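**Q** Take a look at this one; I'll ask things after.
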Amino acid sequence: MGLVPTEPDDDELELIRRSGVALRVGRLSLSAGTGSYRVKASMARMARALGIDRHEAHVTLTEITTTSHRGRSFRTEVTEVRSVGINADRLSRLEALVTRLEGRKLRDGVETTVEEATAALDDIAARPPLYPALLNALWSGIACAAFAFLNNGGPVEVVGVFVGASLGQALRRALLHRGYNQFGVTMLAAALGAFTYLGFVTVLHGVGAIGVRHEAGYVSAVLFLIPGFALVTGALDLAKLDFSAGVARLVYALMILTSAALAVWAVSSVVGLQPDPPPPLGLDSGLLLALRFVASFLGVLGFALMFNSPWRMAVGAATVGMVANVIRLELVDAGVVVQAAAALVALLVGLLAAVVAPRLQVPRITISVPAVVIMVPGVTAYRAVFHLSDGQTTAALAYGVQAALVVVALSIGLAVARMLTDRVWAFER
C-alpha cells in the first residue's frame with residue numbers, strides 16, 4: 001500500500017506562512033545588491049521577530065535556500081532572484097524594518113504577525129526609484145566627471161566625460177528596465193559613453209575651440225559601469241568564509257568589467273586610440289588639494305545617488321569618501337605603495353562608517369561601499385583588458401595585477417574595520 005498524503009496542521013501552515021515572509025526579506029535584500037552575510041542576517045532577524053525558533057540559509061548571487069524551524073516542524077524553500085542591481089534606499093528601509101520588529105520581540109516579547117510584516121514589505125517593494133531617469137543619468141555624469149579630474153583630466157575631459165557618462169547611463173537604465181541581457185547592455189552603454197566623449201572633443205577640435213583632441217579622458221566616460229558594489233561585497237563575503245556567494249559575486253563583477261572593457265577596446269580599435277595615462281595637470285599644490293576634495297566629494301555623492309541613496313545617506317557617504325580618498329591620493333603622492341594606501345584608507349572608511357551610519361540610522365554598507373567605490377581602479381582594469389585584447393600580454397598583466405591588488409587591499413581594510421567594530425565579524429560564532 002502507498003503512503004497516504006496528509007494535510008498540514010495549523011502549526012505547520014503557520015510555519016509555512018512565516019517562513020515565506022522571512023524568505024521575502026532575503027529576496028528583497030539580495031535584489032537590492034547587498035552581500036550574502038547581510039541577506040542571511042536580515043532573514044534571521046525577521047524570522048526571530050516572527051517567532052521562528054531557528055532559521056538557516058544558503059545564499060549565492062541569484063539564489064536563496066532557507067530552512068525555518070519551529071518546534072518539531074521545519075520548512076525548506078528555494079527562490080531565485082534574476083535581477084541584480086543596487087538600491088540603497090530599499091536596503092535602508094529593510095534594515096530599519098527588521099531592526100524595529102526584532103527589537104520589539106526581544107524587548108517586549110511581542111511577535112510580529114504575518115499580515116503586519118507582509119504589509120510593510122509590500123510598501124517597501126512598491127516604492128519607485130527616488131530619482132527619475134534624467135536625474136539618475138545626471139548623477140552618473142557627475143561621478144564620472146569627478147573621476148576624470150582625479151585621473152588627471154582637464155576641463156575639456158571633465159565636460160566631455162560628463163556628457164558621455166550621462167548618455168551611457170541613460171541608455172543602460174532604459175534597457176535594463178526593459179529586461180535586456182545585462183552584459184549586452186553593458187557593452188552598448190560603454191560604447192555609447194566612449195563614442196559620445198570622442199565625438200564631443202572632436203567637434204570642439206573641428207570648430208577650433210581646442211588645439212588637441214584630448215582623447216585621454218574617454219576611458220573615464222565608462223566608469224559608471226564599474227561593478228564596485230559587487231567587487232567589494234564579494235570580497236567581504238569571502239572574508240566571512242562564504243565562498244559560494246563571494247566567488248559568484250566576483251565572477252559576475254569580472255564579467256561586467258570585461259564586457260565594458262571589450263567595448264572600450266572596440267571603440268579604441270575603430271578610432272585608433274590607446275587608453276594611455278594622461279600627464280599630471282601641473283596645478284599649484286594648494287589648488288590641487290582643494291580640487292581633490294571637491295572632486296572626491298562629488299564623485300562619491302554621484303555614485304551614492306546613482307545607487308538610489310536618499311540625500312542624507314549620500315552626503316554621509318560622500319563626506320567619508322572625500323576625506324579618505326584625498327588621504328589616499330596624498331599618500332600615493334608621498335611614495336606609499338598604491339595597495340598599502342588603499343588598505344589604510346579603506347580601514348579608515350570602515351571605522352568612520354561605524355560612527356556615521358548609526359547616527360544616520362542607515363546600514364553601514366550604504367556608507368562604506370559608495371565611499372570606496374571611487375577608489376576602485378576602474379581605469380587600470382580597463383587598460384588591462386584593452387592590452388590583453390590587443391595582444392600586449394606584459395602590459396595587460398601589469399595593469400591587471402595592480403588592479404586586483406588594490407581591490408583586495410580595499411576589501412581587507414573594510415573587513416578589518418568590521419572585525420574591530422562588530423562582534424559578529426570578530427568571532428566565528
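Labeling convention for the C-alpha cells: chains A, B, ... as they appear, residues from 1 per chain, ligands from 1 in order of appearance.
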I'd like the neighbourhood of Asp11 (chain A) as a VMD selection string, where a residue qualifies if any of its atoms comes within 12 Å (using only C-alpha atoms), though same-chain residues fewer than 5 positions away should be ignored.

**A** chain A and resid 16 to 18 51 to 52 69 to 75

**Q** Find the residues around region 361-375 of chain A up to 7 Å (only C-alpha atoms counted), leave out those fewer than 4 positions away in its own chain, and share them as a PyMOL selection string.

**A** chain A and resi 88+92+95+228-229+232+299-300+303-304+313+316-318+320-321+325+346+349-350+353-354+357

**Q** One decimal, in Å: what's the spacing between CA of Gly378 (chain A) and CA of Leu231 (chain A)?

**A** 11.2 Å

**Q** Nearest residue to Met322 (chain A) out of A:Leu348, A:Val337, A:Gly164, A:Glu12, using only C-alpha atoms?

**A**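 Ranked by minimum distance to Met322 (chain A), first place goes to A:Leu348.
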
**Q** List the neighbours of His177 (chain A) out to 12 Å using only C-alpha atoms; skip same-chain residues closer than 3 positions along the sequence, and give me the result as a list in words.

**A**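 Once the nearby chain positions are removed, what remains is Ser83, Val84, Gly85, Pro129, Ala133, Ala170, Leu171, Arg172, Arg173, Ala174, Tyr180, Asn181, Gln182 and Val185 of chain A.
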
**Q** Nearest to Val294 (chain A) among A:Ala143, A:Ala340, A:Val39, A:Ala120, with distances taken over only C-alpha atoms: which residue is it?

**A**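 Using only C-alpha atoms, the shortest distance to Val294 (chain A) belongs to A:Ala143.
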